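In what follows, a single structure is set out as structure tokens and then discussed.
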Amino acid sequence: MKKINISTILASAIHESKNQVGTMLYHLQGLKDSMSKNDSNQKKIIPIEESLKKLNDEWVEYLYLYRLASDGYDLHADTFLLDEFLDDQVFALQPSANAKNLELEYSCESSLTGTFDERLMTAVVSTAVYNALRFAKTKILIEAKNEDNFLIITIEDDGKGFKQKNNEDEEDEEEFLDNNTGLGLYFAELSATAHSVGDRIGFIKKERSQTLGGASLMVYLPQPKEIDL
């Protein structure tokens, strides 16, 4: 009997589930549009809608994770204006932040550009923000800067931050990107290391936020060196 590739079956099931969630979101939006803005049921629909959006983004993350882990993902890197990229991320995630009465902002130089895979980094940023929503007290901030030919995208919050370890074997009680399975952090790491320029490879760091005092995830993406003309 031929062995069954269970990982491929699971990936197919996730893809189908993602499509079903998309259908539910479509019908839910139609239901919202049929209601008046003053309808009290609007507030009841919002948390359902946000939960479905988060689930949909998680399915997307798992599919990318499967492709990255199995070398089945072809990186599509292009150059983007970070001001536009981060503005798009905040626009998409703002309703989730509003549902929890949290501020969500981004900061970067208006002329900053970076070369990266837009689909992967969109998934990384959304995953990081969704997890920051669990811990933030009032605010989440997304920042971007270029340092030593690395584009650094940082997602930070004003929550409790990381608990200090008493020894090397002790696990953090509160993991910024550990949504019970740890796949969120693993996905961010794989997405970063998928980016390379020469012998320089992307990586991630977890630190205490210097701006907000909570947790901070820093994604380092190597950039092509500028050529002097």
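Letters A, B, ... mark the chains of the structure tokens in the order given; residue numbers begin at 1 per chain; ligand numbers begin at 1, in order shown.
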Spatial neighbours of Tyr220 in chain A, max dist 12 Å, only C-alpha atoms, sep filter under 3 positions, as a ChimeraX atom specification: /A:114-116,121,144-155,188-196,200-206,217,223
Residue neighbourhood Lys137 in chain A, 9 Å, only C-alpha atoms, exclusion window fewer than 6 positions, as a list in words: Leu102, Asp157, Asp158, Gly159 and Lys160 of chain A
Residue with smallest distance to Thr79 in chain A - pool A:Asn98, A:Ser51, A:Thr113, A:Ser209, counting only C-alpha atoms: A:Thr113
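Distances here use only C-alpha atoms; by that measure, the residue among A:Ala136, A:Val125, A:Leu120, A:Leu25 closest to Ala77 in chain A is A:Leu120.
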Filtered DSSP result for range 8-189 of chain A, state alpha helix (DSSP H), as a VMD selection string: chain A and resid 8 to 33 41 to 69 82 to 99 118 to 135 183 to 189
Option closest in space to Thr127 in chain A, from A:Leu141, A:Leu68, A:Leu75, A:Leu55 [counting only C-alpha atoms]: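 Of the candidates, the smallest distance to Thr127 in chain A is held by A:Leu55.
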Residues within 10 Å of Leu86 in chain A, only C-alpha atoms, excluding chain neighbours under 6 positions, as a list in words: Ala92, Glu105, Tyr106, Ser107, Cys108, Thr122, Val125, Ile142, Glu143, Ala144 and Ile153 of chain A
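For the atom pair formed by CA of Phe80 in chain A and CA of Ser111 in chain A, the distance is 10.2 Å, given to one decimal.
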Those in range 78-222 of chain A with strand (DSSP E or B) from DSSP, as a ChimeraX atom specification: /A:78-81,103-107,113-117,139-147,150-157,196-197,200-201,203-208,215-222
Contacts of Val60 in chain A at 9 Å (only C-alpha atoms; same-chain gap of 3+ positions) as a list in words: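 Answer for this query is Ile14, His15, Lys18, Leu55, Asn56, Asp57, Leu63, Tyr64, Leu65 and Ala123 of chain A.
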Those selected residues, please, written with C-alpha atoms and delivered as a PDB file, in the first residue's frame.
```pdb
ATOM      1  CA  ILE A  14      -6.608  23.827   5.679  1.00  0.00           C
ATOM      2  CA  HIS A  15      -6.998  25.368   2.243  1.00  0.00           C
ATOM      3  CA  LYS A  18      -9.873  28.799   4.655  1.00  0.00           C
ATOM      4  CA  LEU A  55      -8.943  32.334  11.863  1.00  0.00           C
ATOM      5  CA  ASN A  56      -8.648  33.064   8.143  1.00  0.00           C
ATOM      6  CA  ASP A  57      -5.257  34.731   8.643  1.00  0.00           C
ATOM      7  CA  LEU A  63      -0.327  27.177   4.405  1.00  0.00           C
ATOM      8  CA  TYR A  64       2.744  29.399   4.025  1.00  0.00           C
ATOM      9  CA  LEU A  65       4.370  27.515   6.908  1.00  0.00           C
ATOM     10  CA  ALA A 123       1.252  37.354   7.182  1.00  0.00           C
TER      11      ALA A 123
END
```
